[in-house]
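Next comes query.cif, a file with mmCIF, C-alpha atoms and all ligand atoms.
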data_upload
#
loop_
_atom_site.label_atom_id
_atom_site.label_comp_id
_atom_site.auth_asym_id
_atom_site.auth_seq_id
_atom_site.Cartn_x
_atom_site.Cartn_y
_atom_site.Cartn_z
CA MET A 29 -45.76 86.59 -81.37
CA ASN A 30 -45.80 86.62 -85.16
CA ILE A 31 -47.26 89.50 -87.09
CA LEU A 32 -50.63 87.83 -87.79
CA GLU A 33 -51.13 87.22 -84.09
CA ALA A 34 -50.22 90.86 -83.41
CA LEU A 35 -52.78 92.06 -85.94
CA GLU A 36 -55.49 89.81 -84.54
CA LYS A 37 -55.28 91.91 -81.38
CA LYS A 38 -57.11 94.64 -83.36
CA VAL A 39 -54.64 97.47 -83.54
CA PRO A 40 -55.81 101.04 -84.16
CA THR A 41 -55.23 102.40 -87.65
CA LEU A 42 -53.73 105.71 -88.71
CA PRO A 43 -56.29 108.57 -88.31
CA GLU A 44 -57.23 110.28 -91.54
CA LYS A 45 -55.84 113.67 -90.43
CA TYR A 46 -52.26 112.32 -90.56
CA ARG A 47 -52.81 111.12 -94.13
CA GLN A 48 -53.86 114.65 -95.14
CA MET A 49 -50.85 116.49 -93.62
CA SER A 50 -48.01 117.73 -95.82
CA MET A 51 -44.52 116.32 -95.32
CA GLU A 52 -43.42 119.73 -93.97
CA GLU A 53 -46.11 119.72 -91.32
CA LEU A 54 -45.37 116.11 -90.31
CA GLU A 55 -41.64 116.88 -90.05
CA GLU A 56 -42.30 119.91 -87.89
CA ARG A 57 -44.60 117.94 -85.59
CA VAL A 58 -41.99 115.20 -85.12
CA ARG A 59 -39.27 117.78 -84.43
CA ASN A 60 -41.51 119.49 -81.87
CA VAL A 61 -42.38 116.33 -79.94
CA LYS A 62 -38.71 115.31 -79.91
CA THR A 63 -37.67 118.70 -78.57
CA ARG A 64 -40.36 118.77 -75.90
CA MET A 65 -39.74 115.23 -74.69
CA GLY A 66 -35.94 115.20 -75.02
CA ASN A 67 -34.22 112.17 -73.43
CA ARG A 68 -37.53 110.67 -72.41
CA LEU A 69 -37.73 109.42 -76.00
CA PHE A 70 -35.29 107.23 -77.93
CA LEU A 71 -35.71 106.48 -81.64
CA PRO A 72 -33.47 103.69 -82.96
CA GLY A 73 -33.65 103.21 -86.75
CA HIS A 74 -32.55 100.29 -88.93
CA HIS A 75 -30.53 101.13 -92.05
CA TYR A 76 -33.39 99.80 -94.23
CA GLN A 77 -35.77 102.54 -93.07
CA LYS A 78 -36.92 105.24 -95.50
CA ASP A 79 -35.09 108.60 -95.50
CA GLU A 80 -38.23 110.40 -94.29
CA VAL A 81 -38.01 108.33 -91.09
CA ILE A 82 -34.28 107.72 -90.66
CA GLN A 83 -33.62 111.49 -90.59
CA PHE A 84 -35.23 111.50 -87.11
CA ALA A 85 -33.44 108.43 -85.72
CA ASP A 86 -31.34 109.07 -82.58
CA ALA A 87 -29.21 106.09 -83.59
CA ARG A 88 -28.93 104.25 -86.86
CA GLY A 89 -27.64 100.72 -87.13
CA ASP A 90 -27.87 97.13 -88.24
CA SER A 91 -29.68 94.53 -86.14
CA LEU A 92 -26.69 93.90 -83.88
CA LYS A 93 -25.98 97.54 -83.15
CA LEU A 94 -29.65 98.26 -82.45
CA ALA A 95 -29.83 95.31 -80.01
CA GLN A 96 -26.68 96.56 -78.25
CA LEU A 97 -28.06 100.11 -78.04
CA SER A 98 -31.34 98.83 -76.61
CA ALA A 99 -29.44 96.96 -73.90
CA GLU A 100 -27.38 100.08 -73.07
CA ASN A 101 -30.12 102.74 -73.03
CA LYS A 102 -31.49 102.98 -69.50
CA GLU A 103 -32.96 106.49 -69.48
CA ALA A 104 -35.63 106.66 -72.21
CA GLU A 105 -39.18 106.06 -71.00
CA ALA A 106 -40.38 105.40 -74.53
CA ILE A 107 -38.47 103.66 -77.32
CA ILE A 108 -40.04 104.21 -80.71
CA PHE A 109 -38.58 101.48 -82.84
CA CYS A 110 -38.14 102.41 -86.48
CA GLY A 111 -37.67 98.94 -87.88
CA VAL A 112 -39.71 95.74 -87.90
CA HIS A 113 -41.64 93.78 -85.28
CA PHE A 114 -38.92 91.29 -84.24
CA MET A 115 -36.49 94.18 -83.65
CA ALA A 116 -38.97 95.96 -81.39
CA GLU A 117 -39.53 92.69 -79.49
CA THR A 118 -35.76 92.38 -79.00
CA ALA A 119 -35.65 95.95 -77.70
CA ASP A 120 -38.47 95.17 -75.26
CA ILE A 121 -36.63 92.09 -73.98
CA LEU A 122 -33.36 93.97 -73.52
CA THR A 123 -34.68 97.18 -71.96
CA HIS A 124 -35.72 97.80 -68.39
CA GLN A 125 -39.26 96.82 -67.34
CA ASP A 126 -40.32 100.46 -66.93
CA GLN A 127 -39.23 101.38 -70.46
CA LYS A 128 -41.96 100.98 -73.08
CA VAL A 129 -41.30 100.00 -76.70
CA TYR A 130 -43.58 101.11 -79.53
CA LEU A 131 -43.71 100.18 -83.22
CA PRO A 132 -45.24 103.03 -85.27
CA ASP A 133 -47.12 100.57 -87.52
CA MET A 134 -47.98 97.10 -86.22
CA ARG A 135 -48.07 95.79 -89.81
CA ALA A 136 -44.28 96.19 -90.02
CA GLY A 137 -43.50 92.49 -89.72
CA CYS A 138 -40.89 90.31 -91.40
CA SER A 139 -41.85 87.48 -93.74
CA MET A 140 -38.69 85.57 -92.80
CA ALA A 141 -39.43 85.70 -89.07
CA ASP A 142 -42.92 84.37 -89.81
CA MET A 143 -41.46 81.30 -91.57
CA ALA A 144 -40.73 79.61 -88.23
CA ASN A 145 -43.43 79.37 -85.58
CA LEU A 146 -43.18 77.67 -82.20
CA THR A 147 -45.41 74.69 -83.02
CA GLN A 148 -43.36 73.90 -86.13
CA THR A 149 -40.13 74.30 -84.18
CA GLU A 150 -41.20 72.01 -81.35
CA LYS A 151 -42.28 69.34 -83.85
CA ALA A 152 -39.00 69.65 -85.73
CA TRP A 153 -36.98 69.46 -82.52
CA LYS A 154 -38.72 66.26 -81.46
CA LYS A 155 -38.01 64.58 -84.80
CA LEU A 156 -34.42 65.82 -84.83
CA MET A 157 -33.85 64.58 -81.27
CA ASP A 158 -35.12 61.15 -82.35
CA LEU A 159 -32.62 61.16 -85.21
CA PHE A 160 -29.58 62.80 -83.59
CA HIS A 161 -30.28 62.59 -79.82
CA ASP A 162 -28.71 65.29 -77.67
CA THR A 163 -26.09 66.43 -80.23
CA ILE A 164 -27.74 69.60 -81.58
CA LEU A 165 -27.43 73.22 -80.46
CA PRO A 166 -30.12 75.56 -81.82
CA LEU A 167 -29.13 78.99 -83.13
CA THR A 168 -31.58 81.55 -84.39
CA TYR A 169 -31.01 84.59 -86.55
CA VAL A 170 -32.40 87.60 -84.61
CA ASN A 171 -34.87 87.88 -87.49
CA SER A 172 -37.23 85.55 -85.62
CA THR A 173 -40.10 85.92 -83.15
CA ALA A 174 -39.47 86.22 -79.42
CA ALA A 175 -41.05 82.77 -78.98
CA ILE A 176 -38.39 81.20 -81.22
CA LYS A 177 -35.63 83.06 -79.37
CA ALA A 178 -37.09 81.71 -76.11
CA PHE A 179 -37.12 78.16 -77.49
CA VAL A 180 -33.47 78.53 -78.47
CA GLY A 181 -32.55 80.10 -75.12
CA LYS A 182 -34.26 77.27 -73.24
CA HIS A 183 -32.17 74.72 -75.17
CA ASP A 184 -28.83 76.39 -74.38
CA GLY A 185 -28.59 78.08 -77.78
CA ALA A 186 -28.07 81.67 -78.86
CA THR A 187 -29.17 84.30 -81.33
CA VAL A 188 -26.93 85.50 -84.17
CA THR A 189 -26.97 88.47 -86.50
CA SER A 190 -25.48 88.68 -89.95
CA SER A 191 -22.44 90.51 -88.54
CA ASN A 192 -21.50 87.89 -85.93
CA ALA A 193 -22.86 84.68 -87.49
CA GLU A 194 -19.40 83.14 -88.07
CA LYS A 195 -18.36 83.83 -84.48
CA MET A 196 -21.59 82.35 -83.08
CA VAL A 197 -21.55 79.24 -85.30
CA THR A 198 -17.92 78.63 -84.29
CA TRP A 199 -18.95 78.92 -80.63
CA ALA A 200 -21.92 76.58 -81.17
CA PHE A 201 -19.60 73.85 -82.41
CA THR A 202 -17.65 74.07 -79.15
CA GLN A 203 -20.92 73.16 -77.39
CA LYS A 204 -22.42 70.41 -79.56
CA GLU A 205 -21.60 68.23 -82.57
CA ARG A 206 -24.19 69.80 -84.88
CA ILE A 207 -26.40 72.91 -85.12
CA LEU A 208 -29.97 73.72 -86.06
CA PHE A 209 -29.98 77.15 -87.74
CA LEU A 210 -33.32 79.05 -87.83
CA PRO A 211 -35.01 80.56 -89.79
CA ASP A 212 -32.79 81.70 -92.72
CA GLN A 213 -31.33 78.81 -94.67
CA HIS A 214 -29.17 81.16 -96.76
CA LEU A 215 -27.39 82.93 -93.89
CA GLY A 216 -26.90 79.53 -92.24
CA ARG A 217 -25.52 77.92 -95.40
CA ASN A 218 -23.26 80.84 -96.35
CA THR A 219 -21.86 81.08 -92.81
CA ALA A 220 -21.20 77.36 -92.41
CA TYR A 221 -19.63 77.20 -95.87
CA ASN A 222 -17.23 80.04 -94.98
CA LEU A 223 -16.22 78.06 -91.90
CA GLY A 224 -15.23 75.11 -94.10
CA ILE A 225 -18.27 72.87 -93.67
CA PRO A 226 -18.96 71.11 -96.99
CA LEU A 227 -22.39 71.78 -98.54
CA GLU A 228 -23.15 68.03 -98.57
CA HIS A 229 -22.90 68.00 -94.78
CA MET A 230 -25.76 70.50 -94.53
CA ALA A 231 -29.32 69.20 -94.35
CA VAL A 232 -32.52 71.24 -94.80
CA TRP A 233 -35.51 70.93 -92.48
CA ASP A 234 -38.77 71.59 -94.33
CA PRO A 235 -41.31 72.78 -91.72
CA ILE A 236 -44.26 72.37 -94.10
CA LYS A 237 -43.53 68.78 -95.18
CA GLU A 238 -41.97 68.06 -91.77
CA GLU A 239 -39.02 66.30 -93.34
CA LEU A 240 -35.25 66.46 -93.32
CA VAL A 241 -33.59 66.56 -96.71
CA TYR A 242 -29.94 65.51 -96.79
CA ASP A 243 -27.36 64.16 -99.18
CA CYS A 244 -24.83 62.34 -97.02
CA ALA A 245 -24.76 59.67 -94.33
CA LEU A 246 -27.02 60.79 -91.48
CA GLU A 247 -24.13 60.87 -88.98
CA ASP A 248 -22.24 63.27 -91.27
CA VAL A 249 -24.93 65.96 -91.07
CA LYS A 250 -23.32 68.92 -89.28
CA VAL A 251 -25.75 71.74 -89.99
CA ILE A 252 -29.54 71.57 -90.15
CA LEU A 253 -30.88 74.59 -92.01
CA TRP A 254 -34.46 75.72 -91.45
CA LYS A 255 -36.17 76.19 -94.83
CA GLY A 256 -36.83 79.92 -94.52
CA HIS A 257 -35.58 82.89 -96.48
CA CYS A 258 -35.76 86.67 -96.86
CA SER A 259 -38.21 87.56 -99.63
CA VAL A 260 -36.14 90.66 -100.42
CA HIS A 261 -32.66 89.10 -100.68
CA GLU A 262 -33.90 86.00 -102.54
CA ASN A 263 -34.66 88.34 -105.44
CA PHE A 264 -30.99 88.66 -106.35
CA THR A 265 -30.21 86.00 -108.92
CA VAL A 266 -27.31 84.41 -110.78
CA ALA A 267 -28.73 86.03 -113.95
CA ASN A 268 -28.36 89.47 -112.26
CA VAL A 269 -24.69 88.69 -111.55
CA HIS A 270 -24.03 87.60 -115.17
CA GLN A 271 -25.76 90.71 -116.49
CA VAL A 272 -23.61 93.04 -114.38
CA ARG A 273 -20.42 91.15 -115.31
CA GLU A 274 -21.29 91.51 -119.00
CA GLN A 275 -22.34 95.16 -118.87
CA TYR A 276 -19.68 96.43 -116.45
CA PRO A 277 -16.64 94.09 -116.50
CA ASP A 278 -14.74 96.20 -113.90
CA MET A 279 -17.63 96.51 -111.46
CA LYS A 280 -17.35 94.77 -108.07
CA ILE A 281 -20.35 92.91 -106.69
CA ILE A 282 -21.10 93.00 -102.96
CA VAL A 283 -24.07 91.19 -101.41
CA HIS A 284 -25.73 90.43 -98.07
CA PRO A 285 -25.42 86.79 -96.85
CA GLU A 286 -29.22 86.48 -96.86
CA CYS A 287 -28.75 86.04 -100.64
CA ARG A 288 -28.68 82.50 -102.08
CA ARG A 289 -25.40 80.55 -101.95
CA GLU A 290 -24.95 80.64 -105.77
CA VAL A 291 -25.22 84.44 -105.80
CA VAL A 292 -22.81 84.85 -102.87
CA ALA A 293 -20.34 82.43 -104.54
CA LEU A 294 -20.28 84.52 -107.74
CA SER A 295 -19.93 87.86 -105.93
CA ASP A 296 -16.67 89.59 -105.00
CA GLU A 297 -17.67 90.34 -101.41
CA ALA A 298 -20.44 89.28 -99.02
CA GLY A 299 -21.24 90.54 -95.56
CA SER A 300 -23.71 92.14 -93.20
CA THR A 301 -25.35 95.51 -93.64
CA ASN A 302 -22.52 97.15 -91.71
CA PHE A 303 -19.90 95.34 -93.76
CA ILE A 304 -21.49 96.61 -96.98
CA ILE A 305 -21.68 100.20 -95.69
CA ASN A 306 -18.05 100.16 -94.47
CA THR A 307 -16.69 98.52 -97.61
CA ILE A 308 -18.24 101.17 -99.87
CA GLU A 309 -17.11 103.89 -97.44
CA LYS A 310 -13.48 102.75 -97.72
CA ALA A 311 -13.55 102.08 -101.47
CA PRO A 312 -11.53 104.50 -103.62
CA ALA A 313 -13.24 107.33 -105.52
CA GLY A 314 -14.06 106.24 -109.04
CA SER A 315 -14.62 102.59 -108.09
CA SER A 316 -17.82 100.92 -109.23
CA TRP A 317 -20.13 98.61 -107.27
CA ALA A 318 -23.30 96.57 -107.70
CA ILE A 319 -24.95 96.04 -104.33
CA GLY A 320 -27.25 93.15 -103.46
CA THR A 321 -29.28 94.31 -100.49
CA GLU A 322 -32.41 96.24 -99.50
CA MET A 323 -33.25 99.17 -101.77
CA ASN A 324 -33.75 102.02 -99.25
CA LEU A 325 -30.19 101.36 -98.09
CA VAL A 326 -28.79 101.03 -101.61
CA LYS A 327 -30.40 104.36 -102.60
CA ARG A 328 -28.92 106.04 -99.50
CA ILE A 329 -25.45 104.63 -100.21
CA ILE A 330 -25.71 105.91 -103.81
CA SER A 331 -26.66 109.42 -102.64
CA GLU A 332 -23.87 109.51 -100.02
CA HIS A 333 -21.12 108.39 -102.45
CA THR A 334 -21.48 110.47 -105.56
CA ASP A 335 -17.75 109.96 -106.29
CA LYS A 336 -18.41 106.25 -106.96
CA HIS A 337 -20.53 104.46 -109.55
CA ILE A 338 -23.05 102.40 -107.58
CA ILE A 339 -26.07 100.43 -108.78
CA SER A 340 -28.41 97.78 -107.39
CA LEU A 341 -27.44 94.24 -108.42
CA ASN A 342 -31.07 93.76 -109.47
CA PRO A 343 -32.29 96.79 -111.49
CA ASN A 344 -35.93 95.93 -110.69
CA MET A 345 -35.46 95.71 -106.94
CA CYS A 346 -38.02 97.21 -104.51
CA PRO A 347 -37.51 98.19 -100.85
CA CYS A 348 -38.52 95.76 -98.08
CA LEU A 349 -42.27 96.38 -98.02
CA THR A 350 -42.68 95.74 -94.31
CA MET A 351 -39.77 98.02 -93.34
CA ASN A 352 -41.52 100.62 -95.51
CA ARG A 353 -44.67 100.43 -93.39
CA ILE A 354 -42.95 102.80 -90.99
CA ASP A 355 -43.48 106.16 -92.62
CA LEU A 356 -43.62 109.76 -91.47
CA PRO A 357 -47.42 109.85 -90.86
CA HIS A 358 -47.23 106.73 -88.62
CA LEU A 359 -44.17 108.06 -86.79
CA THR A 360 -45.89 111.41 -86.12
CA TRP A 361 -49.09 109.72 -84.94
CA CYS A 362 -47.14 107.41 -82.63
CA LEU A 363 -45.07 110.23 -81.08
CA GLU A 364 -48.03 112.57 -80.56
CA ALA A 365 -50.07 109.78 -78.93
CA ILE A 366 -47.22 109.04 -76.50
CA GLU A 367 -46.88 112.71 -75.61
CA ALA A 368 -50.65 112.99 -75.09
CA GLY A 369 -50.52 110.03 -72.68
CA GLU A 370 -52.64 107.86 -75.02
CA PRO A 371 -50.04 105.56 -76.56
CA HIS A 372 -50.85 102.64 -78.88
CA ASN A 373 -48.82 99.98 -80.69
CA LEU A 374 -47.05 98.89 -77.53
CA ILE A 375 -44.77 95.90 -78.04
CA GLU A 376 -44.89 93.66 -75.00
CA VAL A 377 -43.19 90.29 -74.77
CA THR A 378 -44.63 88.18 -71.93
CA PRO A 379 -42.23 87.76 -68.97
CA GLU A 380 -41.96 83.96 -69.45
CA ILE A 381 -40.96 84.30 -73.12
CA ALA A 382 -38.74 87.30 -72.39
CA GLU A 383 -36.78 85.41 -69.72
CA ASP A 384 -35.72 82.56 -72.03
CA ALA A 385 -35.32 84.80 -75.09
CA LYS A 386 -32.97 87.01 -73.09
CA LYS A 387 -30.75 84.02 -72.35
CA ALA A 388 -30.31 83.50 -76.10
CA LEU A 389 -29.67 87.22 -76.70
CA ASP A 390 -27.26 87.53 -73.77
CA ARG A 391 -25.20 84.57 -75.02
CA MET A 392 -24.77 86.50 -78.26
CA LEU A 393 -24.22 89.94 -76.74
CA SER A 394 -21.52 88.66 -74.38
CA ARG A 395 -19.59 87.39 -77.43
CA ALA A 396 -20.46 90.12 -79.97
P1 LIG B 1 -28.66 93.01 -90.57
O1 LIG B 1 -29.09 94.29 -90.01
O2 LIG B 1 -28.17 92.06 -89.51
O3 LIG B 1 -27.68 93.11 -91.68
O4 LIG B 1 -29.98 92.27 -91.15
C1 LIG B 1 -30.55 92.62 -92.34
C2 LIG B 1 -32.00 92.45 -92.32
O5 LIG B 1 -32.58 91.79 -93.13
C3 LIG B 1 -32.77 93.12 -91.29
O6 LIG B 1 -34.10 92.80 -91.45
FE1 LIG B 2 -37.38 90.55 -93.08
FE2 LIG B 2 -35.92 90.50 -95.31
FE3 LIG B 2 -37.39 92.66 -94.73
FE4 LIG B 2 -35.20 92.08 -93.27
S1 LIG B 2 -35.25 92.66 -95.43
S2 LIG B 2 -37.22 92.71 -92.51
S3 LIG B 2 -35.26 89.82 -93.30
S4 LIG B 2 -38.17 90.57 -95.17
#
Could you express the structure from this file as structure tokens?
Ligand code: 13P
Ligand code: SF4
Amino acid sequence: MNILEALEKKVPTLPEKYRQMSMEELEERVRNVKTRMGNRLFLPGHHYQKDEVIQFADARGDSLKLAQLSAENKEAEAIIFCGVHFMAETADILTHQDQKVYLPDMRAGCSMADMANLTQTEKAWKKLMDLFHDTILPLTYVNSTAAIKAFVGKHDGATVTSSNAEKMVTWAFTQKERILFLPDQHLGRNTAYNLGIPLEHMAVWDPIKEELVYDCALEDVKVILWKGHCSVHENFTVANVHQVREQYPDMKIIVHPECRREVVALSDEAGSTNFIINTIEKAPAGSSWAIGTEMNLVKRIISEHTDKHIISLNPNMCPCLTMNRIDLPHLTWCLEAIEAGEPHNLIEVTPEIAEDAKKALDRMLSRA
């Protein structure tokens, strides 16, 4: 389900009393519910979450780690996912049937995941099969709806995250001659390029115009990139790189592979959220870095490494607005409703979709 479909189901909105509470009161209420409910609750939190929320996470991670933790945790009755909708869906698919997954604010979607819906994907697949016959393996970034993961699982493909994309694309080429990579063209392009596939052998599928754009002989197309992107990471530009190089000639630039190819090519390092965190962690005191990723994380890295000079690659960058939907009032409301036995914002993937989506996730998790 994409986020518009989720919202059409008329979700309850935050009661006024939670808007009026002070941060201190909200924090105390969250602490109290967590203490009273103990292991019956599990709160995974993505690194892009705000500090006011991430302080209460039982585990913090990137998309891969959070998927692995969801698959491992068998005891919590309620999983309160501090992240976005597709992550909570993944947790629901990977947890036991009796475990319930909740998203504190149903408006916490992901614009990238919404750039590929099932109707578009089925249409694209039909056209691509006409052109290339049975030579394509579909891969989807986990930043996609459960329906897209199910489509991929049904066609023998797998999910990938930014920290295992190279491994999964390499595996895909042992299965078929070419790949369809959904929904992030930039992660797909950057990954394939690192594996030595020339840019001219990558085509782009435009789901709006329903056309394939390519620059080589049709039989030489190796990678078909879905024309989707992350609205946060696309905001890092070549001009930002030049500005940093000019202002701070000794500064290193590190970016997430959801950034455009030109930006990644001009940077010193590129890698997943975990790669960025670990690289800065290991960097010597006194070193200086411009980071091209989500702003809540960049701010946290800056505050945790006061011995290093760290800035955002784009000085005007904002946090991911949908990640930011999860705030302390919504978290408190969600936890108190669960404890009172009146939960809302349940994330439920239908069993048919979950079965095929799990195939795609399991193919990734067994190789992660
Ligand atoms: P990772 O956690 O895989 O680095 O993904 C980043 C992201 O955009 C999550 O929405
Ligand atoms: Fe989606 Fe980008 Fe936000 Fe991640 S950072 S949730 S990919 S919009």
Please measure the separation of CA of Glu376 (chain A) and CA of Phe109 (chain A), giving the value in Å to one decimal.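 Those two atoms sit 12.7 Å apart.
What separates CA of Leu97 (chain A) from CA of Cys362 (chain A) is a distance of 20.9 Å.
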Using the file's own x, y and z axes, so that the box edges lie along x, y and z, what centre and edge lengths in Å (one decimal) does a box around every listed atom of ligand LIG 1 (chain B) get when 8 Å is added on each side? Give it as lines of an AutoDock Vina configuration file.
center_x = -30.9
center_y = 93.0
center_z = -91.3
size_x = 22.4
size_y = 18.5
size_z = 19.6
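Within 7 Å of region 211-225 of chain A, once all atoms listed in the file are used and residues closer than 6 positions along the same chain are dropped, the contacting residues are Met140, Ala141, Met143, Ala144, Thr168, Tyr169, Ser172, Ala193, Glu194, Leu253, Trp254, Lys255, Gly256, His257, Pro285, Glu286, Cys287, Arg288 and Arg289 of chain A.
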Selection within 9 Å of ligand LIG 1 (chain B) by only C-alpha atoms and all ligand atoms, output as JSON, numbers by chain: {"A": [74, 75, 76, 89, 90, 91, 92, 93, 94, 111, 112, 114, 115, 138, 140, 169, 170, 171, 188, 189, 190, 191, 192, 258, 260, 261, 284, 285, 286, 299, 300, 301, 302, 303, 304, 321, 322, 348, 351]}
Prev. selection, C-alpha atoms, output as an mmCIF file, keeping the file's coordinate frame:
data_model
loop_
_atom_site.group_PDB
_atom_site.id
_atom_site.type_symbol
_atom_site.label_atom_id
_atom_site.label_comp_id
_atom_site.auth_asym_id
_atom_site.auth_seq_id
_atom_site.Cartn_x
_atom_site.Cartn_y
_atom_site.Cartn_z
ATOM 1 C CA HIS A 74 -32.550 100.290 -88.930
ATOM 2 C CA HIS A 75 -30.530 101.130 -92.050
ATOM 3 C CA TYR A 76 -33.390 99.800 -94.230
ATOM 4 C CA GLY A 89 -27.640 100.720 -87.130
ATOM 5 C CA ASP A 90 -27.870 97.130 -88.240
ATOM 6 C CA SER A 91 -29.680 94.530 -86.140
ATOM 7 C CA LEU A 92 -26.690 93.900 -83.880
ATOM 8 C CA LYS A 93 -25.980 97.540 -83.150
ATOM 9 C CA LEU A 94 -29.650 98.260 -82.450
ATOM 10 C CA GLY A 111 -37.670 98.940 -87.880
ATOM 11 C CA VAL A 112 -39.710 95.740 -87.900
ATOM 12 C CA PHE A 114 -38.920 91.290 -84.240
ATOM 13 C CA MET A 115 -36.490 94.180 -83.650
ATOM 14 C CA CYS A 138 -40.890 90.310 -91.400
ATOM 15 C CA MET A 140 -38.690 85.570 -92.800
ATOM 16 C CA TYR A 169 -31.010 84.590 -86.550
ATOM 17 C CA VAL A 170 -32.400 87.600 -84.610
ATOM 18 C CA ASN A 171 -34.870 87.880 -87.490
ATOM 19 C CA VAL A 188 -26.930 85.500 -84.170
ATOM 20 C CA THR A 189 -26.970 88.470 -86.500
ATOM 21 C CA SER A 190 -25.480 88.680 -89.950
ATOM 22 C CA SER A 191 -22.440 90.510 -88.540
ATOM 23 C CA ASN A 192 -21.500 87.890 -85.930
ATOM 24 C CA CYS A 258 -35.760 86.670 -96.860
ATOM 25 C CA VAL A 260 -36.140 90.660 -100.420
ATOM 26 C CA HIS A 261 -32.660 89.100 -100.680
ATOM 27 C CA HIS A 284 -25.730 90.430 -98.070
ATOM 28 C CA PRO A 285 -25.420 86.790 -96.850
ATOM 29 C CA GLU A 286 -29.220 86.480 -96.860
ATOM 30 C CA GLY A 299 -21.240 90.540 -95.560
ATOM 31 C CA SER A 300 -23.710 92.140 -93.200
ATOM 32 C CA THR A 301 -25.350 95.510 -93.640
ATOM 33 C CA ASN A 302 -22.520 97.150 -91.710
ATOM 34 C CA PHE A 303 -19.900 95.340 -93.760
ATOM 35 C CA ILE A 304 -21.490 96.610 -96.980
ATOM 36 C CA THR A 321 -29.280 94.310 -100.490
ATOM 37 C CA GLU A 322 -32.410 96.240 -99.500
ATOM 38 C CA CYS A 348 -38.520 95.760 -98.080
ATOM 39 C CA MET A 351 -39.770 98.020 -93.340
#
Using all atoms listed in the file, can you tell me which of A:Ala116, A:Val39, A:Val377, A:Ala106 comes closest to Asn67 (chain A)?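 Counting all atoms listed in the file, the residue closest to Asn67 (chain A) is A:Ala106.
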Write out as a compact mmCIF listing (two decimals) with C-alpha atoms, in the frame of the given file the residues lying within 8 Å of Cys244 (chain A), counting all atoms listed in the file and excluding same-chain residues fewer than 4 positions away.
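Final output, selection-v9.txt:
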# COMPACT_ATOMS: atom_id res chain seq x y z
CA GLU A 228 -23.15 68.03 -98.57
CA HIS A 229 -22.90 68.00 -94.78
CA ASP A 248 -22.24 63.27 -91.27
CA VAL A 249 -24.93 65.96 -91.07
What is the distance, in Å and to one decimal place, between CA of Met230 (chain A) and CA of Lys151 (chain A)?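 Answer for the CA of Met230 (chain A) to CA of Lys151 (chain A) separation: 19.7 Å.
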Name the residues in contact with Gln83 (chain A) at a cut-off of 12 Å, using all atoms listed in the file, excluding same-chain residues fewer than 3 positions from it; report them as a PyMOL selection string. chain A and resi 55+58-59+71-75+77-80+86-88+110+328+355-356+359
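Distances to ligand LIG 2 (chain B) were evaluated for A:Ala245, A:Val272, A:Leu349, A:Ile108 using only C-alpha atoms and all ligand atoms, and the minimum falls at A:Leu349.
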Excluding Met65 (chain A) and any residue of its chain fewer than 4 positions from it, enumerate the residues within 10 Å of it, using all atoms listed in the file, and give them as a VMD selection string. chain A and resid 60 to 61 69 to 70 104 to 106 363 366 to 367
